[in-house]
file work-v7.txt (compact mmCIF, C-alpha atoms and all ligand atoms)
# COMPACT_ATOMS: atom_id res chain seq x y z
CA MET H 1 -24.89 37.82 12.14
CA ALA H 2 -24.54 40.04 9.08
CA ASP H 3 -25.61 42.99 11.22
CA SER H 4 -23.08 42.34 13.83
CA LEU H 5 -20.44 42.01 11.11
CA SER H 6 -21.32 45.37 9.62
CA GLN H 7 -21.31 46.88 13.12
CA GLN H 8 -17.87 45.47 13.69
CA ILE H 9 -16.69 46.91 10.41
CA GLN H 10 -18.05 50.37 11.26
CA LYS H 11 -16.35 50.25 14.64
CA ALA H 12 -13.09 49.13 13.11
CA LEU H 13 -13.27 51.82 10.40
CA SER H 14 -13.80 54.58 12.93
CA SER H 15 -10.86 53.30 15.02
CA ILE H 16 -8.74 53.34 11.87
CA ASP H 17 -9.84 56.88 11.06
CA ALA H 18 -9.16 58.05 14.59
CA CYS H 19 -5.71 56.48 14.72
CA ALA H 20 -2.91 59.08 14.69
CA ASP H 21 0.13 56.87 15.10
CA LEU H 22 1.71 54.46 12.65
CA GLU H 23 2.65 51.92 15.30
CA ILE H 24 -0.81 51.88 16.85
CA LEU H 25 -2.29 51.56 13.35
CA ASP H 26 -0.18 48.48 12.80
CA GLU H 27 -1.35 46.99 16.09
CA LEU H 28 -4.90 47.66 14.93
CA ARG H 29 -4.21 45.85 11.66
CA VAL H 30 -2.90 42.83 13.51
CA SER H 31 -5.86 42.83 15.88
CA LEU H 32 -8.27 42.82 12.91
CA LEU H 33 -6.64 40.92 10.10
CA GLY H 34 -3.69 39.18 11.75
CA ARG H 35 -3.61 35.43 12.25
CA GLN H 36 -5.45 35.79 15.52
CA GLY H 37 -7.33 38.91 14.49
CA ARG H 38 -11.05 39.43 14.96
CA ILE H 39 -12.01 39.20 11.29
CA THR H 40 -9.78 36.18 10.78
CA ALA H 41 -11.52 34.54 13.76
CA LEU H 42 -14.91 35.29 12.22
CA ALA H 43 -13.87 33.63 8.99
CA GLN H 44 -12.97 30.55 10.96
CA THR H 45 -16.50 30.28 12.30
CA ILE H 46 -17.89 29.52 8.84
CA GLY H 47 -17.74 25.82 9.54
CA THR H 48 -20.10 26.20 12.50
CA LEU H 49 -22.87 27.78 10.38
CA PRO H 50 -25.72 26.00 8.65
CA VAL H 51 -24.67 25.11 5.10
CA GLU H 52 -27.13 27.49 3.39
CA GLN H 53 -25.67 30.54 5.24
CA ARG H 54 -22.03 29.74 4.63
CA LYS H 55 -21.67 31.17 1.12
CA ALA H 56 -23.21 34.55 1.91
CA PHE H 57 -21.35 34.81 5.20
CA GLY H 58 -18.05 33.94 3.48
CA ALA H 59 -18.63 36.65 0.88
CA ASP H 60 -19.46 39.18 3.64
CA VAL H 61 -16.29 38.36 5.54
CA ASN H 62 -14.16 38.66 2.39
CA ARG H 63 -15.67 42.05 1.59
CA ALA H 64 -15.08 43.13 5.19
CA LYS H 65 -11.43 42.13 4.83
CA GLU H 66 -11.07 44.13 1.63
CA VAL H 67 -12.75 47.23 3.08
CA LEU H 68 -10.60 47.16 6.18
CA GLN H 69 -7.41 46.41 4.28
CA SER H 70 -7.96 49.34 1.97
CA ALA H 71 -8.87 51.70 4.85
CA LEU H 72 -5.74 50.61 6.71
CA GLU H 73 -3.55 51.23 3.66
CA LYS H 74 -5.01 54.67 3.07
CA ARG H 75 -4.61 55.65 6.70
CA GLN H 76 -1.08 54.32 6.71
CA ALA H 77 -0.11 56.40 3.65
CA LEU H 78 -1.66 59.51 5.20
CA LEU H 79 0.11 59.06 8.54
CA ALA H 80 3.43 58.41 6.79
CA ARG H 81 3.07 61.64 4.81
CA VAL H 82 2.16 63.62 7.92
CA ALA H 83 5.17 62.15 9.74
CA ILE H 84 7.55 63.17 6.95
CA GLU H 85 6.08 66.65 6.78
CA ARG H 86 6.46 67.04 10.53
CA ARG H 87 10.09 65.89 10.33
CA LEU H 88 10.86 68.28 7.50
CA LYS H 89 9.42 71.11 9.55
CA GLU H 90 11.13 70.15 12.80
CA GLU H 91 14.49 69.38 11.22
CA PHE H 92 14.60 72.50 9.04
CA VAL H 93 18.11 73.84 8.58
CA ASP H 94 18.65 77.43 7.51
CA CYS H 95 21.53 77.01 5.07
CA THR H 96 22.04 80.75 4.87
CA LEU H 97 23.15 80.97 8.50
CA PRO H 98 26.91 80.82 9.12
CA PRO H 99 27.96 77.78 11.15
CA ALA H 100 28.94 78.10 14.78
CA PRO H 101 32.27 80.00 15.11
CA GLU H 102 34.05 76.97 16.54
CA LEU H 103 33.22 75.04 13.34
CA THR H 104 34.33 77.73 10.91
CA GLY H 105 37.62 77.31 9.07
CA PHE H 106 39.74 80.00 7.50
CA LEU H 107 40.72 80.60 3.90
CA HIS H 108 44.38 80.30 3.03
CA PRO H 109 45.83 83.71 2.11
CA LEU H 110 46.70 82.25 -1.28
CA THR H 111 43.12 81.21 -1.86
CA ARG H 112 41.96 84.68 -0.94
CA THR H 113 44.60 86.25 -3.21
CA GLN H 114 43.62 84.01 -6.12
CA GLN H 115 39.95 84.83 -5.59
CA ASP H 116 40.71 88.56 -5.56
CA LEU H 117 42.75 88.32 -8.76
CA GLU H 118 40.21 86.15 -10.49
CA TRP H 119 37.51 88.68 -9.66
CA ILE H 120 39.60 91.57 -11.02
CA PHE H 121 40.54 89.79 -14.26
CA ARG H 122 37.03 88.57 -15.01
CA ASP H 123 35.73 92.07 -14.37
CA MET H 124 38.25 93.39 -16.90
CA GLY H 125 36.93 91.03 -19.57
CA PHE H 126 39.52 88.23 -19.30
CA ARG H 127 38.56 84.53 -19.59
CA HIS H 128 40.32 81.87 -17.57
CA PHE H 129 42.27 79.10 -19.31
CA ALA H 130 43.56 76.23 -17.17
CA GLY H 131 46.70 74.42 -18.30
CA PRO H 132 48.11 71.13 -17.00
CA ASN H 133 50.75 70.95 -14.24
CA ILE H 134 52.58 68.22 -16.15
CA GLU H 135 53.64 69.90 -19.35
CA ASN H 136 55.88 68.86 -22.24
CA GLU H 137 59.25 70.38 -23.06
CA PHE H 138 57.98 71.77 -26.32
CA LEU H 139 55.22 73.92 -24.82
CA ASN H 140 57.12 74.83 -21.65
CA PHE H 141 60.24 75.95 -23.54
CA THR H 142 60.53 75.57 -27.32
CA ALA H 143 57.23 77.20 -28.26
CA LEU H 144 58.14 80.07 -25.93
CA ASN H 145 61.20 80.78 -28.02
CA MET H 146 63.53 78.90 -25.69
CA PRO H 147 65.04 76.31 -28.04
CA GLU H 148 67.23 73.48 -26.78
CA GLN H 149 70.57 74.74 -25.42
CA HIS H 150 68.96 78.08 -24.58
CA PRO H 151 70.60 79.27 -21.31
CA ALA H 152 67.20 80.20 -19.83
CA ARG H 153 66.29 76.50 -19.80
CA GLN H 154 69.08 75.81 -17.32
CA MET H 155 68.00 78.73 -15.15
CA HIS H 156 64.61 77.17 -14.56
CA ASP H 157 65.87 74.24 -12.40
CA THR H 158 63.31 71.97 -13.95
CA PHE H 159 61.78 68.87 -12.36
CA PHE H 160 61.48 66.24 -15.10
CA VAL H 161 58.80 63.59 -14.76
CA ASP H 162 59.92 60.01 -15.07
CA ILE H 163 57.57 58.87 -17.85
CA PRO H 164 58.48 58.06 -21.47
CA ALA H 165 58.93 61.14 -23.65
CA ALA H 166 56.39 62.08 -26.33
CA PRO H 167 57.11 63.57 -29.79
CA GLU H 168 56.86 66.98 -28.01
CA GLY H 169 59.81 66.02 -25.81
CA ARG H 170 60.18 64.98 -22.20
CA PHE H 171 57.47 65.60 -19.62
CA LEU H 172 58.15 68.02 -16.79
CA LEU H 173 56.43 69.92 -13.99
CA ARG H 174 55.81 73.23 -15.71
CA THR H 175 58.32 75.85 -14.59
CA GLN H 176 56.01 78.73 -15.56
CA THR H 177 52.40 79.35 -16.57
CA SER H 178 53.56 80.79 -19.91
CA PRO H 179 52.85 77.56 -21.89
CA VAL H 180 49.18 78.42 -21.34
CA GLN H 181 49.77 81.28 -23.79
CA ILE H 182 50.36 78.77 -26.58
CA ARG H 183 47.52 76.52 -25.49
CA ALA H 184 45.07 79.45 -25.34
CA MET H 185 46.12 80.86 -28.74
CA ARG H 186 45.73 77.43 -30.32
CA ALA H 187 42.37 76.79 -28.67
CA TRP H 188 40.72 80.18 -28.93
CA GLY H 189 42.61 82.09 -31.67
CA ALA H 190 42.58 85.88 -31.80
CA PRO H 191 41.42 88.32 -30.52
CA LEU H 192 42.21 86.99 -27.08
CA ARG H 193 42.06 88.23 -23.51
CA VAL H 194 42.99 85.39 -21.25
CA PHE H 195 44.43 84.75 -17.80
CA SER H 196 45.58 81.60 -16.11
CA ILE H 197 46.20 80.94 -12.43
CA GLY H 198 48.08 77.85 -11.39
CA ARG H 199 50.92 75.98 -9.79
CA THR H 200 54.46 76.09 -11.10
CA TYR H 201 57.55 74.18 -9.99
CA ARG H 202 61.27 74.77 -9.73
CA SER H 203 63.94 73.13 -7.63
CA ASP H 204 64.48 76.05 -5.25
CA ALA H 205 63.89 76.55 -1.49
CA ASP H 206 64.49 79.42 0.95
CA ALA H 207 62.41 82.09 2.78
CA THR H 208 61.10 83.52 -0.49
CA HIS H 209 61.21 80.43 -2.75
CA THR H 210 59.40 77.10 -2.48
CA PRO H 211 59.69 74.23 -4.99
CA MET H 212 56.00 74.67 -5.76
CA PHE H 213 54.68 78.19 -6.20
CA HIS H 214 51.86 79.97 -8.02
CA GLN H 215 51.76 82.24 -11.01
CA LEU H 216 49.19 84.26 -12.85
CA GLU H 217 49.72 84.61 -16.58
CA GLY H 218 47.95 87.25 -18.65
CA LEU H 219 47.77 87.45 -22.44
CA VAL H 220 45.99 89.97 -24.64
CA ILE H 221 45.96 89.75 -28.42
CA GLU H 222 44.04 92.36 -30.32
CA GLU H 223 44.59 94.37 -33.45
CA GLY H 224 46.70 97.51 -33.01
CA ILE H 225 47.64 96.69 -29.44
CA HIS H 226 50.82 98.35 -28.15
CA PHE H 227 53.10 98.80 -25.14
CA GLY H 228 50.95 101.65 -23.79
CA HIS H 229 47.91 99.35 -23.56
CA MET H 230 50.03 96.89 -21.63
CA LYS H 231 51.16 99.49 -19.15
CA SER H 232 47.66 100.76 -18.47
CA CYS H 233 46.27 97.22 -18.15
CA ILE H 234 48.94 96.21 -15.64
CA THR H 235 48.56 99.47 -13.72
CA GLU H 236 44.82 98.91 -13.40
CA VAL H 237 45.27 95.34 -12.16
CA CYS H 238 47.82 96.42 -9.53
CA ALA H 239 45.79 99.44 -8.43
CA ARG H 240 42.72 97.28 -7.93
CA PHE H 241 44.60 94.49 -6.21
CA PHE H 242 46.39 96.76 -3.72
CA ASN H 243 43.44 99.20 -3.37
CA ILE H 244 45.42 102.20 -4.53
CA ASN H 245 43.67 105.17 -6.14
CA ALA H 246 46.42 106.75 -8.24
CA LEU H 247 49.28 104.39 -8.98
CA THR H 248 52.44 105.03 -10.98
CA LEU H 249 54.42 101.92 -11.81
CA ARG H 250 58.03 101.83 -12.94
CA LEU H 251 58.92 99.77 -16.01
CA ARG H 252 62.55 98.69 -16.41
CA PRO H 253 63.86 97.17 -19.64
CA SER H 254 64.48 93.47 -19.20
CA PHE H 255 64.82 90.27 -21.18
CA PHE H 256 62.48 87.32 -21.61
CA PRO H 257 62.84 85.03 -24.62
CA PHE H 258 59.10 85.04 -25.31
CA THR H 259 58.55 88.83 -25.35
CA ASP H 260 60.19 91.68 -27.22
CA PRO H 261 60.52 94.32 -25.94
CA SER H 262 60.37 93.02 -22.37
CA ALA H 263 60.12 94.82 -19.05
CA GLU H 264 60.12 94.22 -15.34
CA VAL H 265 57.60 96.21 -13.35
CA ASP H 266 58.23 97.81 -9.95
CA ILE H 267 55.63 99.18 -7.55
CA PRO H 268 56.45 102.10 -5.23
CA CYS H 269 56.41 101.38 -1.50
CA GLN H 270 57.61 102.56 1.89
CA ARG H 271 57.87 101.30 5.46
CA LYS H 272 55.71 103.07 8.01
CA GLU H 273 55.71 101.96 11.65
CA GLY H 274 57.07 98.59 10.67
CA ARG H 275 54.40 98.05 8.02
CA LEU H 276 54.98 97.96 4.30
CA ILE H 277 52.76 100.49 2.53
CA MET H 278 52.27 99.82 -1.17
CA GLY H 279 51.59 102.45 -3.81
CA GLU H 280 53.61 105.38 -2.46
CA GLY H 281 57.11 106.09 -1.22
CA ASP H 282 60.66 106.22 -2.48
CA GLN H 283 61.39 102.51 -2.59
CA TRP H 284 60.54 100.09 -5.39
CA LEU H 285 59.56 96.43 -5.33
CA GLU H 286 59.62 94.24 -8.40
CA ILE H 287 56.26 92.55 -8.89
CA LEU H 288 56.00 91.20 -12.42
CA GLY H 289 57.50 90.56 -15.82
CA CYS H 290 55.89 91.56 -19.11
CA GLY H 291 56.40 92.41 -22.74
CA MET H 292 55.06 92.36 -26.28
CA VAL H 293 54.57 88.77 -27.46
CA HIS H 294 57.50 87.61 -29.62
CA PRO H 295 56.56 86.91 -33.27
CA LYS H 296 57.86 83.34 -32.97
CA VAL H 297 55.55 82.69 -30.01
CA LEU H 298 52.59 83.97 -32.02
CA GLU H 299 53.59 81.61 -34.81
CA TYR H 300 53.84 78.64 -32.45
CA GLY H 301 50.36 79.65 -31.22
CA GLY H 302 49.07 79.39 -34.79
CA LEU H 303 48.70 83.16 -35.37
CA ASP H 304 50.17 85.35 -38.07
CA PRO H 305 52.64 87.83 -36.51
CA LYS H 306 52.14 90.21 -39.43
CA LYS H 307 48.47 90.48 -38.52
CA HIS H 308 48.41 89.96 -34.77
CA GLN H 309 50.11 91.67 -31.90
CA GLY H 310 49.77 91.21 -28.22
CA PHE H 311 51.23 91.57 -24.77
CA ALA H 312 51.83 89.10 -21.98
CA PHE H 313 52.69 89.36 -18.30
CA ALA H 314 53.05 87.17 -15.23
CA PHE H 315 52.92 87.65 -11.45
CA GLY H 316 54.13 85.39 -8.71
CA ILE H 317 50.93 85.07 -6.69
CA ASP H 318 52.68 83.94 -3.51
CA ARG H 319 54.78 87.09 -3.60
CA LEU H 320 51.72 89.28 -4.13
CA ALA H 321 50.04 87.66 -1.11
CA MET H 322 53.18 88.19 0.99
CA LEU H 323 53.29 91.87 0.03
CA LYS H 324 49.62 92.60 0.40
CA TYR H 325 49.16 90.83 3.71
CA CYS H 326 52.63 91.42 5.23
CA LEU H 327 53.49 87.73 5.48
CA PRO H 328 57.28 87.53 5.74
CA ASP H 329 58.07 83.82 5.28
CA LEU H 330 56.79 81.95 2.24
CA ARG H 331 57.46 78.59 3.92
CA SER H 332 54.65 79.20 6.44
CA PHE H 333 52.23 79.08 3.46
CA PHE H 334 52.84 75.35 3.21
CA ASP H 335 53.35 74.33 6.86
CA GLY H 336 49.69 73.36 7.26
CA ASP H 337 49.56 75.03 10.69
CA ARG H 338 45.98 75.87 11.59
CA ARG H 339 47.08 78.56 14.09
CA TRP H 340 48.84 80.42 11.30
CA LEU H 341 45.70 80.26 9.15
CA GLU H 342 43.68 81.60 12.08
CA SER H 343 46.15 84.42 12.64
CA CYS H 344 45.73 85.46 9.00
CA GLY H 345 42.00 85.55 9.71
CA PHE H 346 40.45 85.23 6.26
CA SER H 347 36.84 84.36 6.91
CA PRO H 348 35.13 82.54 4.05
CA TYR H 349 32.04 84.66 4.75
CA VAL H 350 33.63 88.02 4.13
CA ILE H 351 33.99 89.08 0.51
CA GLY H 352 36.90 91.39 -0.24
CA ASP H 353 39.37 92.56 2.36
CA ARG H 354 39.31 91.78 6.06
N1 LIG H 401 57.40 83.07 -17.41
C1 LIG H 401 58.26 84.03 -16.74
C2 LIG H 401 58.88 83.36 -15.54
O1 LIG H 401 58.32 82.48 -14.98
C3 LIG H 401 57.47 85.24 -16.30
C4 LIG H 401 56.99 86.07 -17.41
C5 LIG H 401 57.71 87.18 -17.81
C6 LIG H 401 55.83 85.79 -18.09
C7 LIG H 401 57.31 87.99 -18.83
C8 LIG H 401 55.39 86.60 -19.15
C9 LIG H 401 56.17 87.69 -19.51
O2 LIG H 401 54.28 86.35 -19.81
O3 LIG H 401 55.73 88.51 -20.53
O4 LIG H 401 59.94 83.75 -15.16
call {"tool": "encode", "arguments": {"input": "work-v7.txt", "output": "structure tokens", "more": "lines below"}}
Ligand code: DAH
result
Amino acid sequence: MADSLSQQIQKALSSIDACADLEILDELRVSLLGRQGRITALAQTIGTLPVEQRKAFGADVNRAKEVLQSALEKRQALLARVAIERRLKEEFVDCTLPPAPELTGFLHPLTRTQQDLEWIFRDMGFRHFAGPNIENEFLNFTALNMPEQHPARQMHDTFFVDIPAAPEGRFLLRTQTSPVQIRAMRAWGAPLRVFSIGRTYRSDADATHTPMFHQLEGLVIEEGIHFGHMKSCITEVCARFFNINALTLRLRPSFFPFTDPSAEVDIPCQRKEGRLIMGEGDQWLEILGCGMVHPKVLEYGGLDPKKHQGFAFAFGIDRLAMLKYCLPDLRSFFDGDRRWLESCGFSPYVIGDR
């Protein structure tokens, strides 16, 4: 009897070892150790044996159960691992491959423009500072040398936010990215070389104005900095952005409350075969405002105007995108029309220009 039991065990063990499929292995387990399995049936024969053989036979059957159970578990773990490895191999996805063309989206021209500018500014040693879209009156106006009753406040067509005012005044959708100047000075002190890209809001709408638009603000504060540094910095940014080798900008005297002296900057351009060519020609297009930071603004930023000097400037990013990519109507930027995005053709897989 014991012999036949050990033979049965050997047979069962070799079937377990030979089994290459988890489902078949489970059937094997049921056929051996299940309620009607062979080993279970053997155990039930104990009662038919002479009393003196029962104890030894019972112990043999129990050991057989243990041996088989453990072999089954080991085999099961091995087959499960093999199955997972096979799946990992078969279902391998090469993440570096671009998706099928019909699944590929397009970048918004504004996204591409922001990426280009961010790249240029970081390369020139600027750090990015993000400011909030909901700003307070103090930072959006007062700290930028636009006290209450200042006429420039009215010109901004401000959207006020309907939440209770704070000690810094009412809340509003920022009308410019310039409040980031104050935030950056307070957070990082001087010297400072910072840029900020973000949304701005004014109640205005036509082919070249939308109530929400985008600005890039730049601020540099270093010892001994002067107007000449500002001009060369701005020229370099524009030359890089428009891919122009030798660029001569035109600076016109202007007025901004937060800079003194202030200037507006024009870029030369011309029309050739219906296309606008930037960087050369006898026409001028205004692209940004700039100036030396006003002493009061430095003070509001926590810096000493006797010690620190700096310059600031700001572009309208939407306008830069319109000029660079010949997109005539700003409203199409926000129509959400996929065909328009496709016609602009900015692939997310191409770095730099199309
Ligand atoms: N904040 C101004 C605006 O939105 C733009 C501007 C002009 C920003 C001159 C500057 C600057 O930093 O120096 O109209």
call {"tool": "atom_distance", "arguments": {"input": "work-v7.txt", "atom1": "atom CA of H:Met124", "atom2": "atom CA of H:Arg193"}}
result
9.2 Å
call {"tool": "residues_near_ligand", "arguments": {"input": "work-v7.txt", "ligand": "ligand LIG 401 (chain H)", "cutoff": "10 Å", "atoms": "only C-alpha atoms and all ligand atoms", "output": "count of residues only"}}
result
48
call {"tool": "closest_residue", "arguments": {"input": "work-v7.txt", "among": "H:Gly34, H:Gly169, H:Gly274, H:Gly310", "to": "H:Ile221", "atoms": "all atoms listed in the file"}}
result
H:Gly310
call {"tool": "axis_aligned_box", "arguments": {"input": "work-v7.txt", "around": "stretch 258-271 of chain H", "padding_each_side": "4 Å", "output": "lines of an AutoDock Vina configuration file"}}
result
center_x = 58.1
center_y = 93.8
center_z = -10.9
size_x = 12.9
size_y = 25.5
size_z = 40.7
call {"tool": "closest_residue", "arguments": {"input": "work-v7.txt", "among": "H:Asp282, H:Asp335, H:Asp206, H:Glu137", "to": "H:Pro167", "atoms": "all atoms listed in the file"}}
result
H:Glu137
call {"tool": "closest_residue", "arguments": {"input": "work-v7.txt", "among": "H:Met146, H:Leu192, H:Cys233, H:Leu107", "to": "H:Tyr349", "atoms": "only C-alpha atoms"}}
result
H:Leu107
call {"tool": "residues_around", "arguments": {"input": "work-v7.txt", "residues": "H:Gly302", "least_positions_apart": "2", "cutoff": "7 Å", "atoms": "only C-alpha atoms", "output": "list of chain:residue names"}}
result
H:Met185, H:Arg186, H:Leu298, H:Glu299, H:Tyr300, H:Asp304
call {"tool": "atom_distance", "arguments": {"input": "work-v7.txt", "atom1": "atom CA of H:Ile267", "atom2": "atom CA of H:Asn145"}}
result
28.1 Å
call {"tool": "residues_around", "arguments": {"input": "work-v7.txt", "residues": "H:Ile39", "least_positions_apart": "3", "cutoff": "9 Å", "atoms": "all atoms listed in the file", "output": "PyMOL selection string"}}
result
chain H and resi 5+8+31-34+36+42-44+61+64-65
call {"tool": "write_last_selection", "arguments": {"input": "work-v7.txt", "atoms": "C-alpha atoms", "output": "short mmCIF file (atom, residue, chain, number, x, y, z; two decimals), keeping the file's coordinate frame"}}
result
data_model
loop_
_atom_site.label_atom_id
_atom_site.label_comp_id
_atom_site.auth_asym_id
_atom_site.auth_seq_id
_atom_site.Cartn_x
_atom_site.Cartn_y
_atom_site.Cartn_z
CA LEU H 5 -20.44 42.01 11.11
CA GLN H 8 -17.87 45.47 13.69
CA SER H 31 -5.86 42.83 15.88
CA LEU H 32 -8.27 42.82 12.91
CA LEU H 33 -6.64 40.92 10.10
CA GLY H 34 -3.69 39.18 11.75
CA GLN H 36 -5.45 35.79 15.52
CA LEU H 42 -14.91 35.29 12.22
CA ALA H 43 -13.87 33.63 8.99
CA GLN H 44 -12.97 30.55 10.96
CA VAL H 61 -16.29 38.36 5.54
CA ALA H 64 -15.08 43.13 5.19
CA LYS H 65 -11.43 42.13 4.83
#
call {"tool": "residues_around", "arguments": {"input": "work-v7.txt", "residues": "H:Phe334", "least_positions_apart": "2", "cutoff": "12 Å", "atoms": "only C-alpha atoms", "output": "list in words"}}
result
His108, Pro109, Leu110, Ala207, His209, Thr210, Pro211, Met212, Phe213, Asp318, Asp329, Leu330, Arg331, Ser332, Gly336, Asp337, Arg338, Trp340 and Leu341 of chain H
call {"tool": "closest_residue", "arguments": {"input": "work-v7.txt", "among": "H:Gln283, H:Ser15, H:Asn136, H:Gln309", "to": "H:Val220", "atoms": "all atoms listed in the file"}}
result
H:Gln309
call {"tool": "atom_distance", "arguments": {"input": "work-v7.txt", "atom1": "atom CA of H:Pro151", "atom2": "atom CA of H:Ala130"}}
result
27.5 Å
call {"tool": "closest_residue", "arguments": {"input": "work-v7.txt", "among": "H:Ile197, H:Leu327, H:Ala41, H:Val297", "to": "H:Gln115", "atoms": "all atoms listed in the file"}}
result
H:Ile197
call {"tool": "closest_residue", "arguments": {"input": "work-v7.txt", "among": "H:Lys11, H:Arg170, H:Arg35, H:Arg81", "to": "H:Thr142", "atoms": "all atoms listed in the file"}}
result
H:Arg170
call {"tool": "residues_near_point", "arguments": {"input": "work-v7.txt", "point": "(45.8, 95.2, -14.1)", "cutoff": "10 Å", "atoms": "all atoms listed in the file", "output": "list in words"}}
result
Leu117, Ile120, Phe121, Met124, Gly218, Met230, Lys231, Ser232, Cys233, Ile234, Thr235, Glu236, Val237, Cys238, Ala239, Arg240, Phe241 and Phe313 of chain H
